[in-house]
file entry-v2.csv (CSV, C-alpha atoms and all ligand atoms)
chain,number,residue,atom,x,y,z
A,1,MET,CA,115.7,40.9,129.5
A,2,PRO,CA,119.2,42.1,130.2
A,3,ALA,CA,121.6,39.1,130.2
A,4,ALA,CA,122.6,39.8,133.9
A,5,LEU,CA,119.0,39.7,135.0
A,6,TRP,CA,118.3,36.6,132.9
A,7,GLN,CA,121.2,34.8,134.5
A,8,ARG,CA,120.4,36.0,138.0
A,9,LEU,CA,116.9,34.5,137.6
A,10,GLN,CA,118.2,31.4,135.9
A,11,LEU,CA,115.5,31.6,133.2
A,12,LYS,CA,115.4,29.2,130.3
A,13,LEU,CA,112.5,31.2,128.7
A,14,PRO,CA,111.1,34.7,129.4
A,15,VAL,CA,108.1,33.5,131.5
A,16,ILE,CA,107.1,34.7,134.9
A,17,GLN,CA,104.2,32.7,136.5
A,18,ALA,CA,102.0,35.4,137.9
A,19,PRO,CA,101.6,35.6,141.7
A,20,MET,CA,98.0,34.7,142.5
A,21,ALA,CA,96.9,35.4,146.0
A,22,GLY,CA,94.1,33.3,147.4
A,23,GLY,CA,95.5,29.8,147.0
A,24,ALA,CA,96.4,29.3,143.3
A,25,THR,CA,100.2,29.7,143.7
A,26,THR,CA,100.9,26.8,146.0
A,27,PRO,CA,104.5,25.9,146.8
A,28,GLN,CA,104.1,23.0,144.5
A,29,LEU,CA,103.1,25.3,141.6
A,30,VAL,CA,105.9,27.8,142.3
A,31,SER,CA,108.6,25.2,142.7
A,32,ALA,CA,107.5,23.3,139.5
A,33,VAL,CA,107.7,26.5,137.5
A,34,CYS,CA,111.2,27.3,138.8
A,35,GLU,CA,112.3,23.8,138.1
A,36,ALA,CA,111.0,24.1,134.5
A,37,GLY,CA,113.2,27.1,133.9
A,38,ALA,CA,110.7,30.0,134.4
A,39,LEU,CA,110.2,32.3,137.4
A,40,GLY,CA,107.7,31.1,140.0
A,41,PHE,CA,106.0,33.6,142.2
A,42,LEU,CA,104.2,33.1,145.5
A,43,GLY,CA,101.1,35.3,145.7
A,44,ALA,CA,101.5,36.2,149.4
A,45,ALA,CA,99.0,39.1,149.8
A,46,MET,CA,96.5,37.1,151.9
A,47,LEU,CA,99.1,35.3,154.0
A,48,SER,CA,100.2,36.2,157.5
A,49,PRO,CA,103.9,36.8,157.9
A,50,GLU,CA,104.2,33.4,159.5
A,51,GLN,CA,102.4,31.7,156.6
A,52,ILE,CA,104.7,33.5,154.1
A,53,ARG,CA,107.7,32.1,156.0
A,54,GLU,CA,106.2,28.6,155.9
A,55,ASP,CA,105.3,28.7,152.2
A,56,ALA,CA,108.8,30.0,151.3
A,57,ALA,CA,110.4,27.2,153.3
A,58,ARG,CA,108.2,24.7,151.4
A,59,ILE,CA,109.3,26.2,148.1
A,60,ARG,CA,112.9,26.0,149.1
A,61,ALA,CA,112.5,22.4,150.2
A,62,ARG,CA,111.4,21.6,146.6
A,63,THR,CA,113.8,23.7,144.6
A,64,SER,CA,117.0,25.6,144.9
A,65,GLN,CA,116.1,27.8,141.9
A,66,PRO,CA,115.3,31.5,142.4
A,67,PHE,CA,111.6,32.5,143.0
A,68,GLY,CA,109.6,35.6,143.8
A,69,ILE,CA,107.1,36.8,146.4
A,70,ASN,CA,104.3,39.3,145.7
A,71,LEU,CA,102.4,41.6,148.1
A,72,PHE,CA,99.5,44.1,147.8
A,73,VAL,CA,100.7,47.5,149.0
A,74,LEU,CA,97.8,48.3,151.5
A,75,ASP,CA,96.9,50.0,154.7
A,76,ASP,CA,94.2,48.6,157.0
A,77,PRO,CA,91.4,51.2,156.4
A,78,ALA,CA,88.7,52.6,158.6
A,79,PRO,CA,85.6,52.6,156.4
A,80,ASP,CA,82.8,55.2,156.7
A,81,ALA,CA,80.1,53.8,159.0
A,82,ALA,CA,77.2,54.6,156.6
A,83,VAL,CA,78.9,53.1,153.6
A,84,LEU,CA,79.7,50.0,155.7
A,85,ARG,CA,76.1,49.6,156.8
A,86,GLU,CA,74.8,49.9,153.2
A,87,ALA,CA,77.3,47.2,152.1
A,88,LEU,CA,76.3,44.8,154.9
A,89,GLU,CA,72.7,45.4,153.9
A,90,SER,CA,73.4,44.6,150.3
A,91,LEU,CA,75.1,41.3,151.3
A,92,ARG,CA,72.3,40.2,153.6
A,93,PRO,CA,70.1,38.4,151.0
A,94,TRP,CA,73.1,36.4,149.7
A,95,HIS,CA,73.8,35.3,153.3
A,96,ALA,CA,70.2,34.3,153.8
A,97,GLU,CA,70.2,32.3,150.5
A,98,LEU,CA,73.2,30.4,151.8
A,99,GLY,CA,71.8,29.9,155.3
A,100,LEU,CA,74.4,32.1,156.9
A,101,LYS,CA,73.9,34.5,159.8
A,102,PRO,CA,73.6,38.2,158.6
A,103,PRO,CA,77.0,39.7,157.6
A,104,THR,CA,79.0,41.7,160.1
A,105,ALA,CA,82.2,43.8,159.9
A,106,PRO,CA,85.4,42.0,160.9
A,107,GLY,CA,87.9,43.5,163.4
A,108,ARG,CA,90.6,43.7,160.7
A,109,TYR,CA,90.3,44.0,156.9
A,110,CYS,CA,93.7,42.8,155.7
A,111,GLN,CA,97.1,41.4,156.8
A,112,PRO,CA,99.5,43.9,158.2
A,113,PHE,CA,101.6,45.0,155.2
A,114,ASP,CA,104.6,46.3,157.1
A,115,GLU,CA,105.0,42.9,158.8
A,116,GLN,CA,104.5,41.0,155.6
A,117,LEU,CA,107.2,43.1,154.0
A,118,GLN,CA,109.6,42.5,156.8
A,119,ALA,CA,109.0,38.8,156.5
A,120,LEU,CA,109.7,39.0,152.7
A,121,ILE,CA,112.9,41.0,153.3
A,122,GLU,CA,114.2,38.5,155.8
A,123,LEU,CA,113.4,35.6,153.4
A,124,ARG,CA,115.4,37.3,150.6
A,125,PRO,CA,113.7,35.8,147.6
A,126,ALA,CA,115.4,36.6,144.2
A,127,ALA,CA,112.5,38.9,143.3
A,128,ALA,CA,109.6,40.8,144.9
A,129,SER,CA,106.7,42.3,143.1
A,130,PHE,CA,104.0,44.7,144.3
A,131,THR,CA,100.6,45.8,143.1
A,132,PHE,CA,97.7,48.1,144.2
A,133,GLY,CA,100.2,50.8,145.4
A,134,ILE,CA,103.8,51.9,145.5
A,135,LEU,CA,106.5,51.5,148.2
A,136,THR,CA,108.2,54.3,150.1
A,137,ALA,CA,111.8,55.2,149.4
A,138,GLN,CA,112.7,53.6,152.7
A,139,GLN,CA,111.0,50.3,151.9
A,140,MET,CA,112.7,50.3,148.5
A,141,ALA,CA,116.1,50.9,150.1
A,142,GLU,CA,115.5,47.9,152.5
A,143,LEU,CA,114.7,45.6,149.5
A,144,ARG,CA,117.8,46.9,147.7
A,145,ALA,CA,120.0,46.3,150.8
A,146,ALA,CA,118.7,42.7,150.9
A,147,ASP,CA,119.6,42.3,147.2
A,148,ILE,CA,116.1,41.6,146.1
A,149,LEU,CA,115.0,42.5,142.6
A,150,VAL,CA,111.9,44.8,142.7
A,151,ILE,CA,109.1,44.7,140.1
A,152,GLY,CA,106.3,47.2,140.3
A,153,THR,CA,102.9,46.8,138.6
A,154,ALA,CA,101.7,49.5,136.3
A,155,THR,CA,98.3,49.8,134.4
A,156,ASN,CA,99.2,53.3,132.9
A,157,LEU,CA,102.3,55.3,132.1
A,158,ALA,CA,102.1,57.5,135.2
A,159,GLU,CA,102.4,54.4,137.4
A,160,GLY,CA,105.3,53.0,135.3
A,161,LEU,CA,107.2,56.3,135.7
A,162,ALA,CA,106.5,56.4,139.4
A,163,TRP,CA,108.1,52.9,139.8
A,164,MET,CA,111.0,53.8,137.6
A,165,GLU,CA,111.7,57.0,139.6
A,166,LEU,CA,111.6,55.0,142.8
A,167,GLY,CA,114.3,52.7,141.3
A,168,ALA,CA,112.4,49.5,140.4
A,169,ASP,CA,114.4,46.9,138.4
A,170,ALA,CA,111.4,46.2,136.1
A,171,VAL,CA,107.8,47.2,135.6
A,172,CYS,CA,105.0,44.8,134.9
A,173,ALA,CA,102.5,46.3,132.4
A,174,GLN,CA,99.1,44.9,133.2
A,175,GLY,CA,96.8,45.1,130.2
A,176,ARG,CA,93.0,45.1,130.4
A,177,GLU,CA,92.8,41.4,129.4
A,178,ALA,CA,94.4,40.4,132.7
A,179,GLY,CA,92.7,38.0,135.1
A,180,GLY,CA,92.3,39.0,138.8
A,181,HIS,CA,92.5,42.5,140.3
A,182,ARG,CA,93.5,45.7,138.5
A,183,GLY,CA,96.7,47.1,140.0
A,184,THR,CA,95.8,50.7,139.4
A,185,PHE,CA,97.0,53.2,142.0
A,186,ILE,CA,97.1,56.5,140.1
A,187,GLY,CA,93.8,57.6,138.5
A,188,GLU,CA,90.6,55.7,138.1
A,189,GLN,CA,90.7,51.9,137.7
A,190,ARG,CA,88.1,52.1,134.8
A,191,GLU,CA,90.2,54.6,132.9
A,192,SER,CA,93.4,52.4,133.1
A,193,LEU,CA,92.2,49.6,130.8
A,194,ARG,CA,94.6,49.7,127.9
A,195,PRO,CA,95.0,46.5,125.9
A,196,MET,CA,98.2,44.7,126.8
A,197,LEU,CA,100.1,45.2,123.6
A,198,SER,CA,99.5,49.0,123.4
A,199,LEU,CA,100.4,49.5,127.1
A,200,VAL,CA,103.5,47.4,126.7
A,201,TYR,CA,104.6,49.4,123.7
A,202,GLU,CA,104.0,52.7,125.5
A,203,LEU,CA,105.9,51.7,128.7
A,204,ALA,CA,108.8,50.2,126.7
A,205,GLN,CA,109.1,53.4,124.7
A,206,ASN,CA,109.2,55.5,127.8
A,207,LEU,CA,110.9,53.5,130.5
A,208,PRO,CA,114.6,52.7,130.6
A,209,VAL,CA,113.9,49.5,132.7
A,210,PRO,CA,112.7,46.1,131.4
A,211,VAL,CA,108.9,45.9,130.8
A,212,ILE,CA,107.1,42.6,131.6
A,213,ALA,CA,103.9,42.0,129.7
A,214,ALA,CA,100.8,40.7,131.5
A,215,GLY,CA,97.2,40.2,130.3
A,216,GLY,CA,95.8,37.5,128.1
A,217,ILE,CA,99.1,35.8,127.2
A,218,MET,CA,98.1,32.2,126.8
A,219,ASN,CA,100.7,30.7,124.3
A,220,GLY,CA,104.1,31.2,122.7
A,221,ARG,CA,102.6,33.2,119.9
A,222,ASP,CA,101.1,35.7,122.3
A,223,MET,CA,104.5,35.9,124.0
A,224,ALA,CA,106.3,36.7,120.8
A,225,ALA,CA,103.8,39.4,120.0
A,226,ALA,CA,104.3,41.0,123.4
A,227,MET,CA,108.1,40.8,123.0
A,228,ARG,CA,107.9,42.4,119.5
A,229,HIS,CA,106.0,45.3,121.2
A,230,GLY,CA,109.0,45.8,123.6
A,231,ALA,CA,108.4,43.4,126.5
A,232,GLN,CA,111.5,41.7,127.9
A,233,ALA,CA,109.4,38.9,129.6
A,234,CYS,CA,105.8,37.8,129.9
A,235,GLN,CA,103.8,37.2,133.1
A,236,LEU,CA,101.1,34.5,132.7
A,237,GLY,CA,98.4,33.9,135.3
A,238,THR,CA,95.3,32.3,133.9
A,239,ALA,CA,97.4,30.0,131.8
A,240,PHE,CA,98.6,28.3,135.0
A,241,LEU,CA,95.2,28.0,136.8
A,242,ARG,CA,94.2,24.6,135.4
A,243,CYS,CA,97.5,23.0,136.2
A,244,PRO,CA,97.2,20.1,138.7
A,245,GLU,CA,99.7,22.0,140.9
A,246,SER,CA,97.4,25.1,141.1
A,247,GLY,CA,95.6,25.3,144.4
A,248,ILE,CA,92.2,26.7,143.2
A,249,PRO,CA,89.1,24.7,144.0
A,250,GLU,CA,87.9,22.0,141.6
A,251,LEU,CA,84.6,23.9,141.0
A,252,TRP,CA,86.6,26.9,139.7
A,253,LYS,CA,88.8,24.6,137.5
A,254,LEU,CA,85.7,23.1,136.1
A,255,ALA,CA,84.2,26.5,135.3
A,256,LEU,CA,87.5,27.4,133.5
A,257,ALA,CA,87.3,24.2,131.5
A,258,ARG,CA,83.8,25.1,130.3
A,259,ALA,CA,84.6,28.8,129.7
A,260,LYS,CA,84.3,30.3,126.3
A,261,ALA,CA,86.1,33.4,125.0
A,262,GLY,CA,84.0,36.4,126.2
A,263,ASP,CA,82.8,34.8,129.4
A,264,THR,CA,84.8,37.2,131.7
A,265,CYS,CA,83.9,40.6,132.9
A,266,LEU,CA,85.3,43.3,135.3
A,267,THR,CA,83.6,43.6,138.6
A,268,ARG,CA,84.2,45.3,142.0
A,269,ALA,CA,81.2,43.5,143.6
A,270,PHE,CA,83.4,40.9,145.4
A,271,SER,CA,86.2,43.0,146.7
A,272,GLY,CA,85.7,46.8,146.2
A,273,ARG,CA,88.5,46.8,143.5
A,274,TYR,CA,87.9,46.0,139.8
A,275,ALA,CA,88.9,42.5,138.9
A,276,ARG,CA,88.4,40.2,135.9
A,277,GLY,CA,86.8,36.9,136.4
A,278,LEU,CA,84.1,34.5,135.1
A,279,SER,CA,80.7,36.2,135.0
A,280,ASN,CA,78.0,34.8,137.3
A,281,ARG,CA,74.6,35.6,138.9
A,282,TYR,CA,76.2,37.4,141.9
A,283,ILE,CA,78.3,39.7,139.6
A,284,GLU,CA,75.3,40.4,137.4
A,285,ASP,CA,72.9,41.2,140.2
A,286,MET,CA,75.4,43.3,142.3
A,287,ALA,CA,76.4,45.4,139.3
A,288,ARG,CA,73.6,47.8,140.2
A,289,CYS,CA,75.2,48.7,143.6
A,290,GLN,CA,78.8,47.8,143.1
A,291,GLU,CA,80.0,51.4,142.8
A,292,ARG,CA,78.8,52.2,146.3
A,293,LEU,CA,80.6,49.3,148.0
A,294,PRO,CA,83.7,50.3,150.1
A,295,ASP,CA,87.1,50.1,148.5
A,296,TYR,CA,89.4,47.1,148.7
A,297,PRO,CA,90.2,45.5,151.2
A,298,VAL,CA,86.9,46.3,153.0
A,299,THR,CA,84.5,44.7,150.6
A,300,ASN,CA,86.9,41.8,150.1
A,301,ALA,CA,86.8,41.0,153.8
A,302,LEU,CA,83.0,41.5,154.0
A,303,THR,CA,82.3,39.0,151.2
A,304,GLY,CA,84.8,36.4,152.6
A,305,PRO,CA,82.2,34.4,154.5
A,306,LEU,CA,79.8,34.3,151.6
A,307,ARG,CA,82.5,33.3,149.1
A,308,ALA,CA,83.6,30.5,151.5
A,309,ALA,CA,80.1,29.3,152.0
A,310,ALA,CA,79.3,29.4,148.3
A,311,LEU,CA,82.3,27.2,147.6
A,312,LYS,CA,81.3,24.7,150.4
A,313,ALA,CA,77.8,24.5,148.9
A,314,GLY,CA,79.1,24.0,145.4
A,315,ARG,CA,77.4,27.3,144.3
A,316,ALA,CA,79.5,28.7,141.4
A,317,ASP,CA,76.9,31.4,140.9
A,318,MET,CA,78.1,33.2,144.1
A,319,MET,CA,81.9,32.4,143.9
A,320,SER,CA,84.6,34.7,142.7
A,321,MET,CA,86.4,32.8,139.9
A,322,TRP,CA,89.1,35.1,138.6
A,323,GLY,CA,90.4,34.6,135.1
A,324,GLY,CA,91.6,36.7,132.1
A,325,GLU,CA,90.2,37.2,128.7
A,326,GLY,CA,92.2,34.1,127.5
A,327,VAL,CA,90.3,31.7,129.7
A,328,ALA,CA,89.1,29.5,126.9
A,329,GLU,CA,92.8,28.7,126.0
A,330,ALA,CA,94.0,27.7,129.5
A,331,ARG,CA,95.4,24.2,129.3
A,332,GLU,CA,94.9,21.4,131.8
A,333,LEU,CA,98.6,20.3,131.9
A,334,PRO,CA,101.2,19.7,134.5
A,335,VAL,CA,103.5,22.8,134.9
A,336,ALA,CA,106.5,21.1,133.3
A,337,GLU,CA,104.5,20.2,130.2
A,338,LEU,CA,102.9,23.6,129.9
A,339,ILE,CA,106.2,25.3,130.1
A,340,ALA,CA,107.8,23.0,127.6
A,341,GLN,CA,104.9,23.7,125.2
A,342,LEU,CA,105.2,27.5,125.7
A,343,LEU,CA,108.9,27.3,125.0
A,344,ALA,CA,108.4,25.3,121.8
A,345,GLU,CA,105.6,27.6,120.6
A,346,TRP,CA,107.6,30.7,121.4
A,347,GLN,CA,110.6,29.5,119.4
A,348,ALA,CA,108.3,28.4,116.6
A,349,ALA,CA,106.9,31.9,116.4
A,350,TYR,CA,110.3,33.3,115.4
A,351,ARG,CA,111.0,30.7,112.8
B,401,LIG,C1,93.4,34.2,140.1
B,401,LIG,C2,94.3,35.3,140.0
B,401,LIG,C3,94.9,35.9,141.1
B,401,LIG,C4,95.8,37.0,140.9
B,401,LIG,N1,96.4,37.5,142.1
B,401,LIG,C5,97.4,38.4,141.9
B,401,LIG,C6,98.2,38.8,143.0
B,401,LIG,O1,98.0,38.3,144.1
B,401,LIG,N2,99.2,39.7,142.8
B,401,LIG,C7,99.4,40.3,141.6
B,401,LIG,O2,100.3,41.1,141.5
B,401,LIG,N3,98.6,39.9,140.6
B,401,LIG,C8,97.7,39.0,140.7
B,401,LIG,N4,96.9,38.6,139.6
B,401,LIG,C9,97.2,39.3,138.3
B,401,LIG,C10,98.4,38.8,137.6
B,401,LIG,O3,99.6,39.3,138.2
B,401,LIG,C11,98.5,39.1,136.1
B,401,LIG,O4,98.3,40.5,135.9
B,401,LIG,C12,97.4,38.4,135.3
B,401,LIG,O5,97.2,37.1,135.7
B,401,LIG,C13,97.8,38.4,133.8
B,401,LIG,O6,96.7,38.1,133.0
B,401,LIG,P1,96.3,36.6,132.6
B,401,LIG,O7,95.6,36.1,133.8
B,401,LIG,O8,95.4,36.8,131.4
B,401,LIG,O9,97.6,35.9,132.3
B,401,LIG,C14,96.1,37.6,139.7
B,401,LIG,C15,95.5,37.0,138.5
B,401,LIG,C16,94.6,35.9,138.7
B,401,LIG,C17,94.1,35.2,137.4
call {"tool": "encode", "arguments": {"input": "entry-v2.csv", "output": "structure tokens"}}
result
Amino acid sequence: MPAALWQRLQLKLPVIQAPMAGGATTPQLVSAVCEAGALGFLGAAMLSPEQIREDAARIRARTSQPFGINLFVLDDPAPDAAVLREALESLRPWHAELGLKPPTAPGRYCQPFDEQLQALIELRPAAASFTFGILTAQQMAELRAADILVIGTATNLAEGLAWMELGADAVCAQGREAGGHRGTFIGEQRESLRPMLSLVYELAQNLPVPVIAAGGIMNGRDMAAAMRHGAQACQLGTAFLRCPESGIPELWKLALARAKAGDTCLTRAFSGRYARGLSNRYIEDMARCQERLPDYPVTNALTGPLRAAALKAGRADMMSMWGGEGVAEARELPVAELIAQLLAEWQAAYR
């Protein structure tokens, strides 16, 4: 990473803790990462503007180090009535199994992106990153004016070029191994599944901005490989999920602890956007109709009650438990220890 950026982010090692919406990236996790010398990132996509302000204040109460905030670039959609009816019908048996009332459509499908972005700009974190879409030139200019570093997510070259042309400071190359949702916004999600090392290499060859590698990076050796392919930093998500500071439910942590290599798959059955997580009965059963479910965020909102009820009932067979291809290597360690080990392994990989 260019020395000026490195200094501005006060990094001791080229690690960015991936923003993980939905509760994993608590203020405790983000601040512990920053204190350990990496870049902590709040996954704020599911938070209201007020909650974003509160979490940022909690992070700032725990650390004076720079941190980042991440959002999904989304519009609140108006889904087709017939598609919506079919989706509700396909969720009905799962609701019945959990003793819930039949599913219904909510009034709103996602948080208002414009207001989230305004809150982010007011908060002036050191960095902001975006996925699922791209900003307008006006939004980019506002982030620039607030002196916020902008990172765009790319799953293919066209997306990397689009972010570069918009003026992003760095591009995060999300390989197919990555846990959580695919960031694809140009072309088909299923056709943007390049392995991390080859995507990093292609973007680093073609973009004049720093490339951040994401997807399956679990240790210092993986970091060194990504950096040899042209990455300037590495974004790790799954590696942080089992830390005590991570806010995911214990049931999910337990499933990660038991996971073997090969236990993850891509599904759009929970949210209407392809995402990688631990395979279970819901994913396997819904595979037959997942292509007909409405796009994110509609299906994500529709499955919200069933996912919450499954968690409450201890039913891992119906929960979404995102994780990358490296799940089996996630360590149950406090953040400070994990980062110290990553640093030692990364240095050892060059010796
Ligand atoms: C539980 C979970 C939630 C995620 N949520 C987000 C998110 O809110 N925003 C985002 O840009 N990426 C999100 N990601 C993707 C990460 O940014 C990154 O691409 C991924 O974690 C890298 O792969 P790895 O999990 O194998 O390290 C999420 C990943 C996971 C595992």
call {"tool": "atom_distance", "arguments": {"input": "entry-v2.csv", "atom1": "CA of Leu193 (chain A)", "atom2": "CA of Gly220 (chain A)"}}
result
23.4 Å
call {"tool": "residues_around", "arguments": {"input": "entry-v2.csv", "residues": "Ala255 (chain A)", "least_positions_apart": "3", "cutoff": "10 Å", "atoms": "all atoms listed in the file", "output": "ChimeraX atom specification"}}
result
/A:250-252,258-260,278,316,321,327
call {"tool": "residues_around", "arguments": {"input": "entry-v2.csv", "residues": "Ala340 (chain A)", "least_positions_apart": "2", "cutoff": "12 Å", "atoms": "only C-alpha atoms", "output": "list in words"}}
result
Lys12, Leu13, Val15, Ala32, Val33, Glu35, Ala36, Gly37, Ala38, Asn219, Gly220, Leu333, Pro334, Val335, Ala336, Glu337, Leu338, Leu342, Leu343, Ala344, Glu345, Trp346 and Gln347 of chain A
call {"tool": "residues_near_ligand", "arguments": {"input": "entry-v2.csv", "ligand": "ligand LIG 401 (chain B)", "cutoff": "9 Å", "atoms": "all atoms listed in the file", "output": "PyMOL selection string"}}
result
chain A and resi 17-25+42-46+70-72+129-132+152-153+172-183+213-218+234-241+248+275-277+321-327
call {"tool": "closest_atom_pairs", "arguments": {"input": "entry-v2.csv", "of": "region 31-124 of chain A", "to": "region 299-315 of chain A", "cutoff": "8 Å", "atoms": "only C-alpha atoms", "output": "Markdown table"}}
result
| residue | atom | partner | partner_atom | distance |
| --- | --- | --- | --- | --- |
| A:Ala87 | CA | A:Thr299 | CA | 7.8 |
| A:Leu88 | CA | A:Leu302 | CA | 7.5 |
| A:Leu91 | CA | A:Thr303 | CA | 7.6 |
| A:Trp94 | CA | A:Leu306 | CA | 7.3 |
| A:His95 | CA | A:Leu306 | CA | 6.3 |
| A:Leu98 | CA | A:Ala309 | CA | 7.0 |
| A:Leu100 | CA | A:Leu306 | CA | 7.9 |
| A:Pro103 | CA | A:Leu302 | CA | 7.2 |
| A:Thr104 | CA | A:Leu302 | CA | 7.3 |
| A:Ala105 | CA | A:Leu302 | CA | 6.4 |
| A:Pro106 | CA | A:Ala301 | CA | 7.3 |
| A:Tyr109 | CA | A:Ala301 | CA | 5.6 |
| A:Cys110 | CA | A:Ala301 | CA | 7.4 |
call {"tool": "atom_distance", "arguments": {"input": "entry-v2.csv", "atom1": "CA of Glu159 (chain A)", "atom2": "CA of Pro49 (chain A)"}}
result
27.1 Å
call {"tool": "closest_residue", "arguments": {"input": "entry-v2.csv", "among": "A:Glu329, A:Asp295, A:Glu284, A:Asp317", "to": "Pro77 (chain A)", "atoms": "all atoms listed in the file"}}
result
A:Asp295
call {"tool": "closest_residue", "arguments": {"input": "entry-v2.csv", "among": "A:Ala78, A:Ala141, A:Leu161, A:Ala168", "to": "Ala204 (chain A)", "atoms": "all atoms listed in the file"}}
result
A:Leu161
call {"tool": "closest_residue", "arguments": {"input": "entry-v2.csv", "among": "A:Cys34, A:Ile16, A:Cys289, A:Leu166", "to": "Gln232 (chain A)", "atoms": "only C-alpha atoms"}}
result
A:Ile16
call {"tool": "closest_residue", "arguments": {"input": "entry-v2.csv", "among": "A:Ala287, A:Met227, A:Ala146, A:Phe41", "to": "Leu123 (chain A)", "atoms": "only C-alpha atoms"}}
result
A:Ala146
call {"tool": "residues_near_point", "arguments": {"input": "entry-v2.csv", "point": "(115.6, 41.6, 143.4)", "cutoff": "12 Å", "atoms": "all atoms listed in the file", "output": "PyMOL selection string"}}
result
chain A and resi 4-6+8-9+66-70+120-121+123-129+140-152+167-170
call {"tool": "decode", "arguments": {"input": "entry-v2.csv", "residues": "region 304-317 of chain A", "atoms": "N, CA, C and O atoms", "output": "PDB file, in the first residue's frame"}}
result
ATOM      1  N   GLY A 304     -36.394 -12.668   6.982  1.00  0.00           N
ATOM      2  CA  GLY A 304     -35.962 -12.149   8.293  1.00  0.00           C
ATOM      3  C   GLY A 304     -36.655 -12.843   9.460  1.00  0.00           C
ATOM      4  O   GLY A 304     -35.988 -13.368  10.364  1.00  0.00           O
ATOM      5  N   PRO A 305     -38.001 -12.898   9.471  1.00  0.00           N
ATOM      6  CA  PRO A 305     -38.688 -13.529  10.608  1.00  0.00           C
ATOM      7  C   PRO A 305     -38.331 -15.004  10.780  1.00  0.00           C
ATOM      8  O   PRO A 305     -38.139 -15.476  11.893  1.00  0.00           O
ATOM      9  N   LEU A 306     -38.185 -15.724   9.658  1.00  0.00           N
ATOM     10  CA  LEU A 306     -37.885 -17.158   9.783  1.00  0.00           C
ATOM     11  C   LEU A 306     -36.465 -17.371  10.296  1.00  0.00           C
ATOM     12  O   LEU A 306     -36.212 -18.258  11.125  1.00  0.00           O
ATOM     13  N   ARG A 307     -35.531 -16.500   9.858  1.00  0.00           N
ATOM     14  CA  ARG A 307     -34.151 -16.642  10.349  1.00  0.00           C
ATOM     15  C   ARG A 307     -34.074 -16.323  11.848  1.00  0.00           C
ATOM     16  O   ARG A 307     -33.400 -17.000  12.610  1.00  0.00           O
ATOM     17  N   ALA A 308     -34.815 -15.282  12.259  1.00  0.00           N
ATOM     18  CA  ALA A 308     -34.803 -14.908  13.686  1.00  0.00           C
ATOM     19  C   ALA A 308     -35.432 -16.017  14.527  1.00  0.00           C
ATOM     20  O   ALA A 308     -34.905 -16.378  15.596  1.00  0.00           O
ATOM     21  N   ALA A 309     -36.538 -16.599  14.035  1.00  0.00           N
ATOM     22  CA  ALA A 309     -37.211 -17.650  14.798  1.00  0.00           C
ATOM     23  C   ALA A 309     -36.344 -18.906  14.852  1.00  0.00           C
ATOM     24  O   ALA A 309     -36.293 -19.597  15.879  1.00  0.00           O
ATOM     25  N   ALA A 310     -35.652 -19.214  13.748  1.00  0.00           N
ATOM     26  CA  ALA A 310     -34.774 -20.391  13.728  1.00  0.00           C
ATOM     27  C   ALA A 310     -33.672 -20.239  14.771  1.00  0.00           C
ATOM     28  O   ALA A 310     -33.364 -21.175  15.518  1.00  0.00           O
ATOM     29  N   LEU A 311     -33.114 -19.035  14.861  1.00  0.00           N
ATOM     30  CA  LEU A 311     -32.057 -18.776  15.850  1.00  0.00           C
ATOM     31  C   LEU A 311     -32.601 -18.981  17.263  1.00  0.00           C
ATOM     32  O   LEU A 311     -31.980 -19.651  18.094  1.00  0.00           O
ATOM     33  N   LYS A 312     -33.793 -18.421  17.505  1.00  0.00           N
ATOM     34  CA  LYS A 312     -34.393 -18.514  18.838  1.00  0.00           C
ATOM     35  C   LYS A 312     -34.659 -19.972  19.218  1.00  0.00           C
ATOM     36  O   LYS A 312     -34.485 -20.362  20.375  1.00  0.00           O
ATOM     37  N   ALA A 313     -35.045 -20.755  18.226  1.00  0.00           N
ATOM     38  CA  ALA A 313     -35.376 -22.166  18.494  1.00  0.00           C
ATOM     39  C   ALA A 313     -34.138 -23.065  18.435  1.00  0.00           C
ATOM     40  O   ALA A 313     -34.259 -24.284  18.586  1.00  0.00           O
ATOM     41  N   GLY A 314     -32.960 -22.469  18.182  1.00  0.00           N
ATOM     42  CA  GLY A 314     -31.737 -23.287  18.114  1.00  0.00           C
ATOM     43  C   GLY A 314     -31.707 -24.192  16.888  1.00  0.00           C
ATOM     44  O   GLY A 314     -31.142 -25.278  16.936  1.00  0.00           O
ATOM     45  N   ARG A 315     -32.338 -23.743  15.798  1.00  0.00           N
ATOM     46  CA  ARG A 315     -32.447 -24.562  14.589  1.00  0.00           C
ATOM     47  C   ARG A 315     -31.426 -24.134  13.528  1.00  0.00           C
ATOM     48  O   ARG A 315     -31.745 -23.354  12.619  1.00  0.00           O
ATOM     49  N   ALA A 316     -30.206 -24.640  13.642  1.00  0.00           N
ATOM     50  CA  ALA A 316     -29.152 -24.282  12.681  1.00  0.00           C
ATOM     51  C   ALA A 316     -29.507 -24.736  11.264  1.00  0.00           C
ATOM     52  O   ALA A 316     -28.942 -24.249  10.294  1.00  0.00           O
ATOM     53  N   ASP A 317     -30.468 -25.676  11.151  1.00  0.00           N
ATOM     54  CA  ASP A 317     -30.820 -26.171   9.811  1.00  0.00           C
ATOM     55  C   ASP A 317     -31.623 -25.152   9.000  1.00  0.00           C
ATOM     56  O   ASP A 317     -31.878 -25.357   7.818  1.00  0.00           O
TER      57      ASP A 317
END
